[in-house]
$ cat my_file-v2.txt   # compact mmCIF, C-alpha atoms and all ligand atoms
# COMPACT_ATOMS: atom_id res chain seq x y z
CA MET A 1 0.00 0.00 0.00
CA GLU A 2 1.27 3.50 -0.88
CA PRO A 3 2.06 5.87 2.01
CA LEU A 4 -0.38 8.71 2.63
CA SER A 5 1.08 11.56 0.62
CA ASP A 6 -0.72 14.81 1.56
CA PRO A 7 0.41 16.11 4.96
CA LEU A 8 -2.48 18.62 4.99
CA ILE A 9 -5.08 15.89 5.13
CA ASN A 10 -5.97 14.39 8.46
CA VAL A 11 -6.13 10.69 7.59
CA ASP A 12 -5.14 7.83 9.91
CA SER A 13 -4.16 4.62 8.16
CA LEU A 14 -4.51 1.42 10.17
CA LEU A 15 -3.92 -0.97 7.34
CA SER A 16 -0.62 -1.67 5.46
CA ARG A 17 1.30 -4.83 6.50
CA SER A 18 -1.29 -6.16 8.91
CA GLU A 19 -3.97 -5.76 6.24
CA GLU A 20 -1.99 -7.84 3.79
CA ARG A 21 -1.90 -10.55 6.45
CA THR A 22 -5.68 -10.29 6.82
CA LEU A 23 -6.12 -10.83 3.09
CA ALA A 24 -3.66 -13.73 3.23
CA ASN A 25 -5.53 -15.38 6.11
CA ASP A 26 -8.90 -14.82 4.44
CA VAL A 27 -7.60 -16.34 1.20
CA LEU A 28 -6.08 -19.27 3.08
CA ASP A 29 -9.40 -19.94 4.85
CA GLY A 30 -11.62 -19.19 1.91
CA LEU A 31 -9.85 -21.14 -0.81
CA THR A 32 -9.36 -24.28 1.29
CA LYS A 33 -13.08 -24.58 2.21
CA PRO A 34 -15.12 -27.34 0.55
CA PHE A 35 -17.18 -24.52 -1.07
CA LYS A 36 -14.64 -21.81 -1.88
CA GLU A 37 -15.40 -18.22 -0.87
CA LEU A 38 -13.73 -14.83 -0.35
CA ALA A 39 -14.98 -11.80 1.63
CA PRO A 40 -16.36 -8.89 -0.44
CA LYS A 41 -14.33 -6.26 1.44
CA HIS A 42 -11.34 -7.35 -0.68
CA PHE A 43 -13.01 -6.04 -3.88
CA TYR A 44 -12.12 -2.48 -2.96
CA ASP A 45 -8.62 -1.61 -4.10
CA ALA A 46 -8.40 1.62 -6.16
CA ARG A 47 -9.72 -0.18 -9.27
CA GLY A 48 -12.50 -1.94 -7.35
CA SER A 49 -13.65 1.36 -5.82
CA GLU A 50 -13.65 2.94 -9.29
CA LEU A 51 -15.69 0.04 -10.71
CA PHE A 52 -18.16 0.35 -7.83
CA GLU A 53 -18.59 4.03 -8.71
CA GLN A 54 -19.42 2.94 -12.28
CA ILE A 55 -21.92 0.38 -10.96
CA CYS A 56 -23.70 3.18 -9.09
CA GLU A 57 -24.33 4.95 -12.43
CA LEU A 58 -25.77 1.88 -14.21
CA PRO A 59 -29.45 2.03 -15.22
CA GLU A 60 -30.06 -1.43 -13.70
CA TYR A 61 -28.44 -0.60 -10.33
CA TYR A 62 -31.27 1.20 -8.52
CA PRO A 63 -29.97 1.22 -4.87
CA THR A 64 -27.61 4.22 -5.09
CA ARG A 65 -29.93 6.70 -6.82
CA THR A 66 -32.90 5.56 -4.75
CA GLU A 67 -31.10 5.97 -1.42
CA LEU A 68 -29.71 9.33 -2.52
CA ALA A 69 -33.23 10.51 -3.37
CA ILE A 70 -34.53 9.37 0.04
CA LEU A 71 -31.71 11.22 1.78
CA ARG A 72 -32.30 14.39 -0.26
CA GLN A 73 -35.93 14.29 0.78
CA ARG A 74 -35.33 13.50 4.46
CA ALA A 75 -31.92 14.89 5.44
CA ALA A 76 -33.24 18.19 6.85
CA GLU A 77 -35.83 16.36 8.95
CA ILE A 78 -33.25 13.82 10.20
CA VAL A 79 -30.84 16.57 11.23
CA LEU A 80 -33.57 18.67 12.82
CA ASP A 81 -34.94 15.71 14.82
CA THR A 82 -31.54 14.49 16.00
CA GLY A 83 -29.64 17.78 16.29
CA ALA A 84 -26.68 15.97 14.70
CA GLY A 85 -23.48 17.94 14.00
CA GLU A 86 -21.04 15.09 13.38
CA LEU A 87 -21.18 12.41 10.69
CA VAL A 88 -19.20 9.18 11.06
CA GLU A 89 -19.57 7.34 7.76
CA LEU A 90 -18.55 3.67 7.69
CA GLY A 91 -17.69 2.26 4.25
CA ALA A 92 -17.93 5.84 3.04
CA GLY A 93 -17.28 5.36 -0.67
CA ALA A 94 -17.46 8.52 -2.79
CA SER A 95 -19.25 10.57 -0.09
CA ASP A 96 -22.06 11.90 -2.33
CA LYS A 97 -24.56 10.88 0.32
CA ALA A 98 -22.43 12.45 3.05
CA ARG A 99 -22.69 15.80 1.25
CA VAL A 100 -26.48 15.67 1.47
CA LEU A 101 -26.29 15.10 5.23
CA LEU A 102 -23.49 17.64 5.77
CA ASP A 103 -25.43 20.26 3.79
CA ALA A 104 -28.43 19.65 6.05
CA MET A 105 -26.21 20.06 9.14
CA ARG A 106 -24.79 23.26 7.71
CA GLY A 107 -28.33 24.50 7.03
CA ALA A 108 -29.29 23.74 10.63
CA GLY A 109 -26.15 25.46 11.96
CA THR A 110 -24.91 22.28 13.71
CA LEU A 111 -22.13 21.15 11.32
CA ARG A 112 -18.85 20.28 13.11
CA ARG A 113 -17.01 17.19 11.90
CA TYR A 114 -17.00 14.45 9.24
CA ILE A 115 -15.23 11.14 9.86
CA PRO A 116 -15.16 8.88 6.76
CA LEU A 117 -13.86 5.37 7.46
CA ASP A 118 -13.17 2.97 4.60
CA VAL A 119 -10.81 0.08 3.76
CA SER A 120 -10.02 1.83 0.50
CA GLN A 121 -7.19 4.33 0.96
CA THR A 122 -8.00 6.20 -2.27
CA VAL A 123 -11.62 6.59 -1.20
CA VAL A 124 -10.72 8.12 2.18
CA GLN A 125 -8.00 10.38 0.78
CA ASP A 126 -10.17 11.66 -2.07
CA ALA A 127 -13.14 12.26 0.24
CA ALA A 128 -11.00 14.04 2.83
CA ARG A 129 -9.40 16.27 0.19
CA ALA A 130 -12.66 17.14 -1.60
CA LEU A 131 -14.62 17.87 1.55
CA ARG A 132 -11.83 19.91 3.12
CA ASP A 133 -11.89 22.06 -0.04
CA ASP A 134 -15.66 22.35 -0.30
CA TYR A 135 -16.63 22.93 3.36
CA ASP A 136 -14.50 25.68 4.94
CA ASP A 137 -15.83 25.22 8.44
CA LEU A 138 -15.67 21.41 8.53
CA ASP A 139 -13.22 19.32 10.54
CA VAL A 140 -12.52 16.19 8.39
CA HIS A 141 -10.82 13.23 10.03
CA GLY A 142 -10.42 10.26 7.68
CA VAL A 143 -9.71 6.72 8.88
CA VAL A 144 -8.37 4.06 6.50
CA GLY A 145 -9.50 0.96 8.30
CA ASP A 146 -11.84 -1.98 8.59
CA PHE A 147 -15.09 -1.31 10.43
CA GLU A 148 -15.10 -4.92 11.62
CA ARG A 149 -11.80 -4.37 13.45
CA HIS A 150 -10.91 -0.70 13.80
CA LEU A 151 -13.91 1.09 15.28
CA ASP A 152 -11.89 1.85 18.39
CA HIS A 153 -9.82 4.21 16.19
CA VAL A 154 -12.81 6.44 15.45
CA PRO A 155 -11.99 9.62 17.43
CA PRO A 156 -14.19 10.15 20.50
CA ALA A 157 -17.26 12.37 20.14
CA ASP A 158 -16.37 16.01 20.76
CA GLY A 159 -19.67 17.26 22.13
CA ALA A 160 -21.76 17.32 18.95
CA VAL A 161 -24.58 14.81 18.49
CA ARG A 162 -23.23 12.06 16.27
CA LEU A 163 -24.85 10.36 13.31
CA VAL A 164 -23.12 7.08 12.43
CA ALA A 165 -24.03 6.14 8.85
CA LEU A 166 -23.69 2.77 7.13
CA LEU A 167 -25.30 3.37 3.77
CA GLY A 168 -25.63 1.75 0.36
CA GLY A 169 -26.85 -1.59 1.70
CA THR A 170 -23.32 -2.55 2.79
CA ILE A 171 -24.70 -4.20 5.96
CA GLY A 172 -26.37 -6.73 3.60
CA ASN A 173 -22.93 -7.92 2.52
CA PHE A 174 -22.60 -9.74 5.86
CA PRO A 175 -24.32 -13.05 6.66
CA PRO A 176 -27.02 -12.75 9.35
CA GLY A 177 -25.03 -13.58 12.50
CA THR A 178 -21.97 -11.56 11.52
CA ARG A 179 -24.30 -8.72 10.52
CA ARG A 180 -25.73 -8.54 14.05
CA GLY A 181 -22.20 -8.63 15.49
CA VAL A 182 -21.12 -5.75 13.23
CA LEU A 183 -24.20 -3.72 14.21
CA GLY A 184 -23.47 -4.44 17.87
CA LYS A 185 -19.93 -3.08 17.55
CA ILE A 186 -21.25 -0.02 15.72
CA ALA A 187 -23.78 0.52 18.54
CA GLY A 188 -20.77 0.92 20.81
CA LEU A 189 -19.96 4.19 19.00
CA LEU A 190 -23.27 5.73 20.07
CA GLY A 191 -23.99 7.78 23.15
CA PRO A 192 -27.65 8.11 24.29
CA ALA A 193 -28.37 11.09 21.98
CA ASP A 194 -26.51 9.67 18.96
CA ARG A 195 -28.17 7.77 16.13
CA LEU A 196 -27.33 5.11 13.55
CA LEU A 197 -28.45 5.81 9.97
CA LEU A 198 -28.64 2.50 8.14
CA GLY A 199 -29.32 1.91 4.43
CA THR A 200 -30.83 -1.44 3.44
CA ASP A 201 -31.93 -2.73 0.06
CA LEU A 202 -35.46 -4.16 0.26
CA VAL A 203 -37.03 -7.46 -0.82
CA LYS A 204 -38.76 -6.97 -4.18
CA ASP A 205 -39.40 -8.56 -7.58
CA PRO A 206 -36.45 -10.97 -8.08
CA GLN A 207 -36.13 -9.90 -11.74
CA VAL A 208 -35.41 -6.31 -10.70
CA ILE A 209 -32.81 -7.52 -8.19
CA GLU A 210 -31.11 -9.94 -10.60
CA ALA A 211 -30.87 -7.28 -13.33
CA ALA A 212 -29.03 -4.98 -10.88
CA TYR A 213 -26.27 -7.58 -10.47
CA ASN A 214 -26.14 -8.69 -14.13
CA ASP A 215 -25.85 -5.36 -15.94
CA SER A 216 -25.77 -5.37 -19.71
CA ALA A 217 -22.51 -3.35 -19.86
CA GLY A 218 -20.63 -6.04 -17.89
CA VAL A 219 -19.34 -3.63 -15.22
CA THR A 220 -20.47 -5.87 -12.33
CA ALA A 221 -18.70 -8.82 -13.98
CA GLU A 222 -15.49 -6.79 -14.12
CA PHE A 223 -15.96 -5.70 -10.49
CA ASN A 224 -16.41 -9.35 -9.52
CA ARG A 225 -13.28 -10.50 -11.38
CA ASN A 226 -11.29 -7.62 -9.86
CA LEU A 227 -11.10 -9.72 -6.69
CA LEU A 228 -8.83 -12.14 -8.56
CA HIS A 229 -6.62 -9.25 -9.73
CA VAL A 230 -6.33 -8.13 -6.08
CA VAL A 231 -5.24 -11.61 -4.96
CA ASN A 232 -2.78 -11.87 -7.89
CA ARG A 233 -1.15 -8.54 -7.03
CA GLU A 234 -1.18 -8.73 -3.23
CA LEU A 235 -0.32 -12.40 -2.78
CA ASP A 236 1.68 -13.17 -5.92
CA ALA A 237 -1.00 -15.49 -7.32
CA ASP A 238 -1.55 -16.54 -10.93
CA PHE A 239 -5.34 -16.54 -11.35
CA ARG A 240 -6.39 -15.97 -14.97
CA PRO A 241 -9.48 -13.81 -14.34
CA GLU A 242 -10.68 -14.26 -17.93
CA SER A 243 -11.10 -17.98 -17.18
CA PHE A 244 -13.88 -17.21 -14.66
CA ASP A 245 -17.47 -16.28 -15.55
CA HIS A 246 -19.48 -13.80 -13.49
CA VAL A 247 -22.53 -15.42 -11.86
CA ALA A 248 -25.17 -13.53 -9.85
CA PHE A 249 -28.56 -14.87 -8.79
CA TYR A 250 -31.24 -14.17 -6.19
CA ASP A 251 -31.61 -16.88 -3.57
CA ARG A 252 -35.35 -16.64 -2.82
CA ARG A 253 -35.19 -18.71 0.37
CA ASN A 254 -32.49 -16.62 2.02
CA GLU A 255 -33.61 -13.42 0.27
CA TRP A 256 -30.11 -12.48 -0.76
CA VAL A 257 -28.11 -12.13 -3.96
CA GLU A 258 -25.08 -14.34 -4.37
CA MET A 259 -22.22 -13.35 -6.62
CA ARG A 260 -19.86 -16.07 -7.66
CA LEU A 261 -17.01 -16.66 -10.12
CA ARG A 262 -17.31 -19.89 -12.11
CA ALA A 263 -14.23 -21.56 -13.60
CA THR A 264 -14.87 -22.11 -17.31
CA ARG A 265 -12.24 -24.91 -17.44
CA PRO A 266 -10.08 -26.81 -14.92
CA CYS A 267 -7.64 -24.34 -13.31
CA SER A 268 -4.65 -24.89 -11.08
CA VAL A 269 -3.80 -21.66 -9.27
CA LEU A 270 -0.65 -20.95 -7.26
CA ILE A 271 -0.94 -18.41 -4.42
CA GLY A 272 2.80 -17.69 -4.25
CA ASP A 273 2.91 -15.88 -0.89
CA LEU A 274 1.01 -18.71 0.79
CA ASP A 275 2.85 -21.50 -1.00
CA LEU A 276 -0.66 -22.79 -1.70
CA ARG A 277 -1.91 -24.53 -4.85
CA VAL A 278 -5.67 -24.45 -5.38
CA GLU A 279 -7.49 -26.57 -7.92
CA PHE A 280 -10.77 -25.53 -9.58
CA ALA A 281 -12.76 -28.13 -11.52
CA ALA A 282 -14.48 -26.91 -14.70
CA GLY A 283 -17.74 -25.28 -13.56
CA GLU A 284 -16.61 -24.96 -9.93
CA GLU A 285 -17.72 -21.74 -8.24
CA LEU A 286 -16.10 -19.33 -5.80
CA ARG A 287 -18.59 -17.24 -3.76
CA THR A 288 -17.46 -13.61 -3.67
CA GLU A 289 -20.43 -11.76 -2.14
CA ILE A 290 -23.85 -12.06 -0.63
CA SER A 291 -26.10 -9.01 -0.71
CA ALA A 292 -29.06 -9.48 1.61
CA LYS A 293 -32.41 -7.82 0.92
CA PHE A 294 -34.51 -6.68 3.86
CA THR A 295 -38.05 -6.19 5.12
CA PRO A 296 -38.68 -3.54 7.79
CA GLU A 297 -39.19 -6.43 10.25
CA ARG A 298 -35.78 -7.92 9.42
CA VAL A 299 -34.12 -4.55 9.94
CA ALA A 300 -35.88 -4.07 13.30
CA ALA A 301 -34.94 -7.58 14.47
CA ASP A 302 -31.27 -7.14 13.51
CA LEU A 303 -31.16 -3.76 15.23
CA GLU A 304 -32.74 -5.13 18.37
CA ALA A 305 -30.27 -8.03 18.48
CA ALA A 306 -27.52 -5.40 18.37
CA GLY A 307 -28.86 -3.32 21.28
CA LEU A 308 -30.61 -0.75 19.08
CA GLU A 309 -34.20 0.20 18.37
CA LEU A 310 -35.82 1.58 15.27
CA ASP A 311 -36.56 5.28 15.61
CA GLY A 312 -37.41 6.25 12.03
CA TRP A 313 -38.06 4.49 8.71
CA PHE A 314 -37.80 6.23 5.34
CA THR A 315 -38.42 4.68 1.96
CA ASP A 316 -39.18 5.67 -1.63
CA ASP A 317 -42.65 5.45 -3.23
CA ASP A 318 -41.83 2.09 -4.84
CA GLU A 319 -40.35 0.71 -1.61
CA LEU A 320 -37.14 -0.30 -3.34
CA PHE A 321 -34.79 0.86 -0.58
CA GLY A 322 -35.08 1.61 3.15
CA VAL A 323 -33.18 4.07 5.32
CA SER A 324 -33.62 3.61 9.05
CA LEU A 325 -32.68 5.69 12.01
CA ALA A 326 -31.91 3.77 15.20
CA ARG A 327 -31.16 4.71 18.80
CA PRO A 328 -29.41 2.79 21.57
CA LEU A 329 -32.03 0.63 23.32
CA ALA A 330 -33.19 2.23 26.56
CA GLY A 331 -31.28 0.51 29.37
CA ALA A 332 -28.65 -0.95 27.04
CA ASP A 333 -25.67 1.23 27.87
CA ALA A 334 -22.11 0.80 26.68
CA ALA A 335 -21.53 -1.76 29.45
CA THR A 336 -24.26 -4.13 28.27
CA ARG A 337 -23.91 -3.58 24.52
CA PRO A 338 -21.25 -5.57 22.71
CA SER A 339 -18.11 -3.48 23.14
CA VAL A 340 -15.96 -1.98 20.41
CA SER A 341 -12.66 -3.80 20.32
CA SER A 342 -10.05 -5.11 17.94
CA PRO A 343 -9.51 -8.87 17.92
N1 LIG A 401 -21.39 4.00 1.25
C1 LIG A 401 -21.17 4.10 -0.19
C2 LIG A 401 -20.25 2.99 -0.71
C3 LIG A 401 -20.80 1.59 -0.65
S1 LIG A 401 -19.66 0.42 -1.37
C4 LIG A 401 -22.49 4.10 -0.88
O1 LIG A 401 -23.49 4.02 -0.20
O2 LIG A 401 -22.53 4.18 -2.11
C5 LIG A 401 -19.01 -0.31 0.07
C6 LIG A 401 -17.90 0.55 0.66
O3 LIG A 401 -17.55 0.00 1.92
C7 LIG A 401 -16.64 0.56 -0.20
O4 LIG A 401 -16.14 1.87 -0.29
C8 LIG A 401 -15.67 -0.36 0.56
O5 LIG A 401 -14.31 0.00 0.38
C9 LIG A 401 -16.15 -0.22 2.00
N2 LIG A 401 -15.97 -1.39 2.84
C10 LIG A 401 -16.38 -2.66 2.60
N3 LIG A 401 -16.10 -3.45 3.65
C11 LIG A 401 -15.50 -2.65 4.58
C12 LIG A 401 -14.97 -2.88 5.88
N4 LIG A 401 -15.01 -4.09 6.44
N5 LIG A 401 -14.44 -1.85 6.55
C13 LIG A 401 -14.39 -0.59 5.98
N6 LIG A 401 -14.86 -0.32 4.74
C14 LIG A 401 -15.43 -1.34 4.06
C1 LIG A 402 -21.58 -2.30 -1.47
N1 LIG A 402 -22.67 -3.28 -1.65
C2 LIG A 402 -23.83 -2.90 -0.85
C3 LIG A 402 -23.01 -3.53 -3.06
C4 LIG A 402 -24.22 -4.49 -3.13
O1 LIG A 402 -25.13 -4.18 -3.91
O2 LIG A 402 -24.24 -5.47 -2.41
C5 LIG A 402 -21.83 -4.13 -3.80
C6 LIG A 402 -22.17 -4.58 -5.18
N2 LIG A 402 -21.98 -5.79 -5.63
C7 LIG A 402 -22.39 -5.86 -6.88
N3 LIG A 402 -22.89 -4.71 -7.23
C8 LIG A 402 -22.74 -3.87 -6.18

$ encode --input "my_file-v2.txt" --output "structure tokens" --more "lines below"
Ligand code: SAH
Ligand code: AVI
Amino acid sequence: MEPLSDPLINVDSLLSRSEERTLANDVLDGLTKPFKELAPKHFYDARGSELFEQICELPEYYPTRTELAILRQRAAEIVLDTGAGELVELGAGASDKARVLLDAMRGAGTLRRYIPLDVSQTVVQDAARALRDDYDDLDVHGVVGDFERHLDHVPPADGAVRLVALLGGTIGNFPPGTRRGVLGKIAGLLGPADRLLLGTDLVKDPQVIEAAYNDSAGVTAEFNRNLLHVVNRELDADFRPESFDHVAFYDRRNEWVEMRLRATRPCSVLIGDLDLRVEFAAGEELRTEISAKFTPERVAADLEAAGLELDGWFTDDDELFGVSLARPLAGADAATRPSVSSP
């Protein structure tokens, strides 16, 4: 990973060597399982983040524009009701949605600080630079880190009411038990007056969902195969990404999308840094992502399991996407909620 280059930007990087070990351990676990799989957080090197930005512009990919429209409609009300002046954005991405919330805070006269946290160094650096330039009065403190492991590096609240945002449906990229664990750790960032703002893609016509993950321009396929480029570069592996087909389908029973990469022929892959040889039979699949779809009840149950309660629910007219506001459960203080810690 390149060193952070702009001394004027306040960005803490918690990744580098230890992160390479995390990828190595994930690859070692994931590629030696009977059904091979890799975690979706490894999609997001600079190229993966750029491809995700392109996905957000695709006609078939409705979540981004729908959530943005909901936020544009509701941001002023959310800020007025909560009094929020600080935004902690987990898995921040390009920060378009943050701007909507920050503008509302500026309009309400509460705006103090923005803390984008993302595994992608380019994403955090670009966001920190752009927002420092565009908002004179804003304190921007970027964190390059993993929100599963580094939440204890989010700077402590400085007096302003805090909104912790996890948008885009990213929470759906975790399987149900892990998802509740992640939400529990995030709850540990909230004081009694603070709120979680959570974006979740909703259960709907499977054809609409499947089209969003099988776009006609092939951008999602390239995003999917980028994972193999990441493993090749970071772990000296010799995957031939062109030998793997993109597969994405909606699992109606679990109500989630699965993305996989299917070997088009037998492949023998060497992961040099792990001294590991992995065999793929023709047609064998590697799971690269799940993307869970939600009902309001599922959101409420996951929040409750994490020591939170639903405080507001915003959706679009077609009920494609849901944005919820959640508060720490009365009586569940930091001592009883799952604590924020690094393993
Ligand atoms: N929030 C944006 C981006 C969503 S894409 C939006 O709503 O459009 C998911 C983002 O989360 C990517 O920028 C990716 O780098 C980041 N991400 C994924 N897993 C992460 C993790 N475990 N810790 C920190 N960031 C993560
Ligand atoms: C970031 N995450 C919520 C996206 C999703 O829809 O699950 C990632 C993505 N995968 C394929 N297209 C977009």

$ closest_residue --input "my_file-v2.txt" --among "A:Phe280, A:Arg74, A:Asp275, A:Asn254" --to "Phe239 in chain A" --atoms "all atoms listed in the file"
A:Phe280

$ closest_residue --input "my_file-v2.txt" --among "A:Phe147, A:Tyr213, A:Tyr135, A:Phe35" --to "ligand LIG 402 (chain A)" --atoms "all atoms listed in the file"
A:Tyr213

$ closest_residue --input "my_file-v2.txt" --among "A:Arg225, A:Arg287, A:Arg240, A:Arg149" --to "ligand LIG 401 (chain A)" --atoms "only C-alpha atoms and all ligand atoms"
A:Arg149

$ closest_residue --input "my_file-v2.txt" --among "A:Glu289, A:Asp139, A:Asp251, A:Glu60" --to "ligand LIG 401 (chain A)" --atoms "all atoms listed in the file"
A:Glu289

$ residues_near_point --input "my_file-v2.txt" --point "(-28.8, 4.8, 2.2)" --cutoff "6 Å" --atoms "all atoms listed in the file" --output "list in words"
Glu67, Leu167, Gly168, Gly199 and Val323 of chain A

$ residues_near_ligand --input "my_file-v2.txt" --ligand "ligand LIG 402 (chain A)" --cutoff "6 Å" --atoms "all atoms listed in the file" --output "ChimeraX atom specification"
/A:168-170,173,213,220,291

$ decode --input "my_file-v2.txt" --residues "range 106-114 of chain A" --atoms "all heavy atoms" --output "PDB file, in the first residue's frame"
ATOM      1  N   ARG A 106     -25.203  21.861   7.891  1.00  0.00           N
ATOM      2  CA  ARG A 106     -24.788  23.260   7.709  1.00  0.00           C
ATOM      3  C   ARG A 106     -26.015  24.169   7.733  1.00  0.00           C
ATOM      4  O   ARG A 106     -26.019  25.211   8.382  1.00  0.00           O
ATOM      5  CB  ARG A 106     -24.014  23.406   6.392  1.00  0.00           C
ATOM      6  CG  ARG A 106     -23.426  24.791   6.213  1.00  0.00           C
ATOM      7  CD  ARG A 106     -22.264  24.823   5.248  1.00  0.00           C
ATOM      8  NE  ARG A 106     -22.625  24.401   3.906  1.00  0.00           N
ATOM      9  CZ  ARG A 106     -21.766  24.335   2.896  1.00  0.00           C
ATOM     10  NH1 ARG A 106     -20.495  24.632   3.073  1.00  0.00           N
ATOM     11  NH2 ARG A 106     -22.165  23.939   1.709  1.00  0.00           N
ATOM     12  N   GLY A 107     -27.085  23.712   7.047  1.00  0.00           N
ATOM     13  CA  GLY A 107     -28.328  24.495   7.025  1.00  0.00           C
ATOM     14  C   GLY A 107     -28.906  24.684   8.419  1.00  0.00           C
ATOM     15  O   GLY A 107     -29.492  25.727   8.728  1.00  0.00           O
ATOM     16  N   ALA A 108     -28.733  23.663   9.268  1.00  0.00           N
ATOM     17  CA  ALA A 108     -29.291  23.739  10.631  1.00  0.00           C
ATOM     18  C   ALA A 108     -28.340  24.451  11.592  1.00  0.00           C
ATOM     19  O   ALA A 108     -28.676  24.657  12.766  1.00  0.00           O
ATOM     20  CB  ALA A 108     -29.580  22.323  11.138  1.00  0.00           C
ATOM     21  N   GLY A 109     -27.134  24.768  11.108  1.00  0.00           N
ATOM     22  CA  GLY A 109     -26.152  25.465  11.960  1.00  0.00           C
ATOM     23  C   GLY A 109     -25.463  24.551  12.964  1.00  0.00           C
ATOM     24  O   GLY A 109     -24.878  25.020  13.941  1.00  0.00           O
ATOM     25  N   THR A 110     -25.513  23.204  12.736  1.00  0.00           N
ATOM     26  CA  THR A 110     -24.913  22.277  13.712  1.00  0.00           C
ATOM     27  C   THR A 110     -23.596  21.670  13.217  1.00  0.00           C
ATOM     28  O   THR A 110     -22.904  20.990  13.979  1.00  0.00           O
ATOM     29  CB  THR A 110     -25.891  21.109  14.009  1.00  0.00           C
ATOM     30  OG1 THR A 110     -26.310  20.526  12.756  1.00  0.00           O
ATOM     31  CG2 THR A 110     -27.116  21.580  14.770  1.00  0.00           C
ATOM     32  N   LEU A 111     -23.239  21.893  11.959  1.00  0.00           N
ATOM     33  CA  LEU A 111     -22.128  21.152  11.324  1.00  0.00           C
ATOM     34  C   LEU A 111     -20.796  21.338  12.048  1.00  0.00           C
ATOM     35  O   LEU A 111     -20.339  22.456  12.261  1.00  0.00           O
ATOM     36  CB  LEU A 111     -21.980  21.640   9.869  1.00  0.00           C
ATOM     37  CG  LEU A 111     -20.908  20.950   9.034  1.00  0.00           C
ATOM     38  CD1 LEU A 111     -21.198  19.473   8.877  1.00  0.00           C
ATOM     39  CD2 LEU A 111     -20.791  21.620   7.665  1.00  0.00           C
ATOM     40  N   ARG A 112     -20.155  20.215  12.426  1.00  0.00           N
ATOM     41  CA  ARG A 112     -18.853  20.283  13.114  1.00  0.00           C
ATOM     42  C   ARG A 112     -17.796  19.407  12.442  1.00  0.00           C
ATOM     43  O   ARG A 112     -16.732  19.865  12.090  1.00  0.00           O
ATOM     44  CB  ARG A 112     -19.010  19.808  14.570  1.00  0.00           C
ATOM     45  CG  ARG A 112     -19.825  20.700  15.439  1.00  0.00           C
ATOM     46  CD  ARG A 112     -18.958  21.683  16.197  1.00  0.00           C
ATOM     47  NE  ARG A 112     -18.328  21.046  17.345  1.00  0.00           N
ATOM     48  CZ  ARG A 112     -18.884  20.960  18.561  1.00  0.00           C
ATOM     49  NH1 ARG A 112     -20.084  21.460  18.781  1.00  0.00           N
ATOM     50  NH2 ARG A 112     -18.243  20.387  19.566  1.00  0.00           N
ATOM     51  N   ARG A 113     -18.100  18.099  12.301  1.00  0.00           N
ATOM     52  CA  ARG A 113     -17.014  17.192  11.903  1.00  0.00           C
ATOM     53  C   ARG A 113     -17.540  16.039  11.036  1.00  0.00           C
ATOM     54  O   ARG A 113     -18.657  15.560  11.223  1.00  0.00           O
ATOM     55  CB  ARG A 113     -16.365  16.626  13.175  1.00  0.00           C
ATOM     56  CG  ARG A 113     -15.157  15.770  12.892  1.00  0.00           C
ATOM     57  CD  ARG A 113     -14.303  15.564  14.123  1.00  0.00           C
ATOM     58  NE  ARG A 113     -14.995  14.904  15.211  1.00  0.00           N
ATOM     59  CZ  ARG A 113     -14.385  14.282  16.218  1.00  0.00           C
ATOM     60  NH1 ARG A 113     -13.068  14.251  16.285  1.00  0.00           N
ATOM     61  NH2 ARG A 113     -15.087  13.708  17.176  1.00  0.00           N
ATOM     62  N   TYR A 114     -16.680  15.616  10.079  1.00  0.00           N
ATOM     63  CA  TYR A 114     -16.998  14.450   9.236  1.00  0.00           C
ATOM     64  C   TYR A 114     -15.862  13.441   9.386  1.00  0.00           C
ATOM     65  O   TYR A 114     -14.685  13.794   9.218  1.00  0.00           O
ATOM     66  CB  TYR A 114     -17.124  14.896   7.776  1.00  0.00           C
ATOM     67  CG  TYR A 114     -17.328  13.765   6.782  1.00  0.00           C
ATOM     68  CD1 TYR A 114     -18.291  12.778   7.009  1.00  0.00           C
ATOM     69  CD2 TYR A 114     -16.571  13.682   5.614  1.00  0.00           C
ATOM     70  CE1 TYR A 114     -18.490  11.747   6.091  1.00  0.00           C
ATOM     71  CE2 TYR A 114     -16.768  12.661   4.695  1.00  0.00           C
ATOM     72  CZ  TYR A 114     -17.724  11.693   4.940  1.00  0.00           C
ATOM     73  OH  TYR A 114     -17.914  10.674   4.040  1.00  0.00           O
TER      74      TYR A 114
END
